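Student: Right, I'll just put the structure down here and ask away after.
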Amino acid sequence: LTQRLGIYLPANIKVNKVMEQLGDIAKENRTALADSGKLFTQLLPPINRIKGGVAETIAVVDAFGKAMLIGGVNTQEAASATIQFGQAMASGKLAGDEFRSLAEASPRLLQAISDGAGIAAQKLKEMSAAGKLTSGLVAGALLDQTIQLQYEAAKMGQTVAGAYNEAIVAYQTYVKKFNEETGMTTGFVDLIRSSTASLVSFGESFLSYTKDSECSFQEIASLISVIWDMFSSLVGY
């Protein structure tokens with residue numbers, strides 16, 4: 001997720017700051033951090049096209065998550081709805097199967113779009129079929145309804161599943177910070193890559209040797225055994 005954010009974010013925006021904000025959103029809205037992060041990367045380009053930026057994109061991610069929460073959508077349904085919403089917004093309009101699925105999953109989301117855009121709820125289906133529910137219109141409507149959605153979400157009581165998700169997100173953000181300070185993951189990746197390169201080089205030399213010399217089966221088997229012992233020692237088996 002951190003690497004994906006680094007690709008999408010402008011140079012003057014710190015990845016860590018955005019990660020913290022997405023983590024807070026995931027905890028508040030009881031969604032997976034990865035889902036919130038992916039939705040952010042899908043929404044940023046279309047929101048950029050309507051002259052919005054990172055702050056507006058984060059607000060729309062939050063508003064969408066809160067609409068799901070208020071609507072009583074469970075974790076699995078929320079994950080599916082997040083994918084559909086992200087795909088629709090990335091395509092430039094909310095229409096077809098995505099519109100129908102989201103309408104079924106969270107009527108509260110459609111109500112927020114209706115209220116924010118000043119369009120009668122019954123007209124949304126019509127506009128969707130005509131391709132008029134554009135990403136810009138939807139994003140603008142959700143931005144308009146952010147405060148109302150925050151107000152309603154604040155009334156939602158905590159659940160066991162919500163507390164569990166909060167713990168998972170907190171752990172994920174802690175691991176990220178720990179890795180940044182210690183470089184443990186980077187060092188481990190470098191070790192694996194270096195070891196793999198050494199094994200590949202050794203394997204190529206071995207194949208060349210067996211082709212160019214007359215080795216007996218026992219000699220080859222013995223050499224393979226030595227290689228396996230070296231590899232087992234390297235990975236700790």
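Following the order of the structure tokens, chains are lettered A, B, ..., residues in each are numbered from 1, and ligands are numbered from 1.
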Using only C-alpha atoms, find each residue of segment 9-81 of chain A with at least one atom at most 10 Å away from an atom of segment 97-116 of chain A; report its shortest atom-to-atom pair and that distance in Å (one decimal), sort the rows by chain and rising residue number, and return the result as a Markdown table.

Tutor:
```
| residue | atom | partner | partner_atom | distance |
| --- | --- | --- | --- | --- |
| A:Ala63 | CA | A:Leu109 | CA | 8.8 |
| A:Phe64 | CA | A:Leu109 | CA | 7.0 |
| A:Gly65 | CA | A:Leu109 | CA | 9.3 |
| A:Lys66 | CA | A:Leu109 | CA | 8.8 |
| A:Ala67 | CA | A:Leu109 | CA | 5.2 |
| A:Met68 | CA | A:Ser106 | CA | 6.1 |
| A:Leu69 | CA | A:Ser106 | CA | 9.1 |
| A:Ile70 | CA | A:Arg108 | CA | 7.2 |
| A:Gly71 | CA | A:Ser106 | CA | 5.5 |
| A:Gly72 | CA | A:Ser106 | CA | 8.0 |
| A:Val73 | CA | A:Ala105 | CA | 6.9 |
| A:Asn74 | CA | A:Ala105 | CA | 9.6 |
| A:Glu77 | CA | A:Ala105 | CA | 7.1 |
| A:Ala78 | CA | A:Ala105 | CA | 8.1 |
| A:Ser80 | CA | A:Ser101 | CA | 9.2 |
| A:Ala81 | CA | A:Leu102 | CA | 6.2 |
```

Student: Could you turn the residues from that selection into a file that holds all heavy atoms, as a compact mmCIF listing (two decimals), in the first residue's frame?

Tutor:
```txt
# COMPACT_ATOMS: atom_id res chain seq x y z
N ALA A 63 -16.35 9.60 3.62
CA ALA A 63 -17.80 9.71 3.46
C ALA A 63 -18.40 8.40 2.96
O ALA A 63 -19.45 7.95 3.46
CB ALA A 63 -18.14 10.84 2.50
N PHE A 64 -17.72 7.77 2.01
CA PHE A 64 -18.21 6.48 1.50
C PHE A 64 -18.22 5.44 2.61
O PHE A 64 -19.21 4.72 2.80
CB PHE A 64 -17.32 6.01 0.35
CG PHE A 64 -17.68 4.63 -0.14
CD1 PHE A 64 -18.74 4.45 -1.02
CD2 PHE A 64 -16.98 3.51 0.29
CE1 PHE A 64 -19.09 3.18 -1.47
CE2 PHE A 64 -17.33 2.24 -0.14
CZ PHE A 64 -18.39 2.07 -1.03
N GLY A 65 -17.13 5.36 3.36
CA GLY A 65 -17.05 4.39 4.44
C GLY A 65 -18.11 4.61 5.50
O GLY A 65 -18.70 3.65 6.03
N LYS A 66 -18.38 5.87 5.81
CA LYS A 66 -19.39 6.17 6.83
C LYS A 66 -20.80 5.85 6.33
O LYS A 66 -21.66 5.42 7.10
CB LYS A 66 -19.27 7.62 7.27
CG LYS A 66 -18.09 7.83 8.22
CD LYS A 66 -17.96 9.25 8.70
CE LYS A 66 -16.97 9.34 9.87
NZ LYS A 66 -15.67 8.72 9.65
N ALA A 67 -21.04 6.04 5.04
CA ALA A 67 -22.34 5.67 4.47
C ALA A 67 -22.54 4.16 4.58
O ALA A 67 -23.65 3.69 4.88
CB ALA A 67 -22.42 6.11 3.01
N MET A 68 -21.46 3.39 4.37
CA MET A 68 -21.54 1.94 4.52
C MET A 68 -21.82 1.56 5.97
O MET A 68 -22.66 0.71 6.27
CB MET A 68 -20.23 1.28 4.08
CG MET A 68 -19.88 1.40 2.61
SD MET A 68 -21.01 0.47 1.53
CE MET A 68 -21.86 1.85 0.76
N LEU A 69 -21.12 2.22 6.88
CA LEU A 69 -21.27 1.94 8.31
C LEU A 69 -22.69 2.25 8.79
O LEU A 69 -23.32 1.43 9.47
CB LEU A 69 -20.26 2.77 9.10
CG LEU A 69 -20.32 2.68 10.63
CD1 LEU A 69 -19.99 1.27 11.10
CD2 LEU A 69 -19.37 3.69 11.26
N ILE A 70 -23.19 3.42 8.43
CA ILE A 70 -24.53 3.84 8.84
C ILE A 70 -25.59 2.91 8.28
O ILE A 70 -26.59 2.60 8.93
CB ILE A 70 -24.81 5.29 8.39
CG1 ILE A 70 -23.84 6.24 9.10
CG2 ILE A 70 -26.25 5.69 8.66
CD1 ILE A 70 -23.74 7.61 8.45
N GLY A 71 -25.34 2.43 7.05
CA GLY A 71 -26.30 1.53 6.40
C GLY A 71 -26.30 0.12 6.94
O GLY A 71 -27.10 -0.71 6.51
N GLY A 72 -25.40 -0.17 7.89
CA GLY A 72 -25.38 -1.49 8.50
C GLY A 72 -24.76 -2.57 7.64
O GLY A 72 -25.03 -3.76 7.81
N VAL A 73 -23.90 -2.17 6.71
CA VAL A 73 -23.25 -3.13 5.82
C VAL A 73 -22.18 -3.90 6.60
O VAL A 73 -21.40 -3.30 7.34
CB VAL A 73 -22.62 -2.40 4.62
CG1 VAL A 73 -21.88 -3.37 3.72
CG2 VAL A 73 -23.69 -1.66 3.84
N ASN A 74 -22.15 -5.22 6.45
CA ASN A 74 -21.12 -6.00 7.15
C ASN A 74 -19.78 -5.90 6.44
O ASN A 74 -19.68 -5.32 5.35
CB ASN A 74 -21.55 -7.47 7.32
CG ASN A 74 -21.69 -8.22 6.01
OD1 ASN A 74 -20.89 -8.03 5.08
ND2 ASN A 74 -22.68 -9.09 5.91
N GLU A 77 -19.60 -7.33 2.82
CA GLU A 77 -20.38 -6.51 1.90
C GLU A 77 -19.70 -5.16 1.65
O GLU A 77 -19.70 -4.65 0.52
CB GLU A 77 -21.78 -6.29 2.47
CG GLU A 77 -22.65 -7.53 2.49
CD GLU A 77 -23.93 -7.35 3.30
OE1 GLU A 77 -23.96 -6.43 4.15
OE2 GLU A 77 -24.88 -8.12 3.09
N ALA A 78 -19.12 -4.61 2.70
CA ALA A 78 -18.43 -3.32 2.57
C ALA A 78 -17.22 -3.45 1.64
O ALA A 78 -16.96 -2.57 0.82
CB ALA A 78 -17.99 -2.82 3.94
N SER A 80 -16.83 -5.61 -0.80
CA SER A 80 -17.33 -5.76 -2.16
C SER A 80 -17.83 -4.43 -2.71
O SER A 80 -17.54 -4.06 -3.86
CB SER A 80 -18.46 -6.79 -2.19
OG SER A 80 -19.03 -6.89 -3.47
N ALA A 81 -18.56 -3.68 -1.88
CA ALA A 81 -19.09 -2.38 -2.31
C ALA A 81 -17.95 -1.40 -2.59
O ALA A 81 -18.03 -0.60 -3.53
CB ALA A 81 -20.01 -1.82 -1.23
```

Student: Could you give me, as JSON, numbers by chain, the residues within 8 Å of Thr146 of chain A, counting only C-alpha atoms and dropping anything in the same chain fewer than 3 positions from it?

Tutor: {"A": [59, 60, 62, 63, 142, 143, 149, 150]}

Student: Pick from A:Val54, A:Leu94, A:Thr159, A:Met89: nearest to Leu124 of chain A, with only C-alpha atoms counted?

Tutor: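 Checking each of A:Val54, A:Leu94, A:Thr159, A:Met89 against Leu124 of chain A, counting only C-alpha atoms, the winner is A:Leu94.
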
Student: Could you write out, as a PyMOL selection string, all the residues of segment 44-138 of chain A that DSSP marks as helix (DSSP H, G or I)?

Tutor: chain A and resi 44-49+54-70+75-91+96-105+107-117+121-129+135-138

Student: Could you check how far atom CA of Glu166 of chain A sits from atom CA of Ala32 of chain A, in Å to one decimal?

Tutor: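 Atom CA of Ala32 of chain A lies 9.0 Å from atom CA of Glu166 of chain A.
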
Student: When you count only C-alpha atoms, which of these residues is closest to Ala170 of chain A: A:Leu133, A:Ile7, A:Leu22, A:Val15?

Tutor: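 So, comparing all the options, the nearest one is A:Leu22.
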
Student: In Å, with one decimal, what is the gap from atom CA of Ala153 of chain A to atom CA of Thr173 of chain A?

Tutor: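 Interatomic distance here is 23.1 Å.
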
Student: Compile the contact shell of Pro10 of chain A as JSON, numbers by chain: residues with an atom at most 12 Å away, counting only C-alpha atoms, same-chain residues fewer than 5 positions apart removed.

Tutor: {"A": [5, 15, 18, 44, 45, 48, 53, 54]}
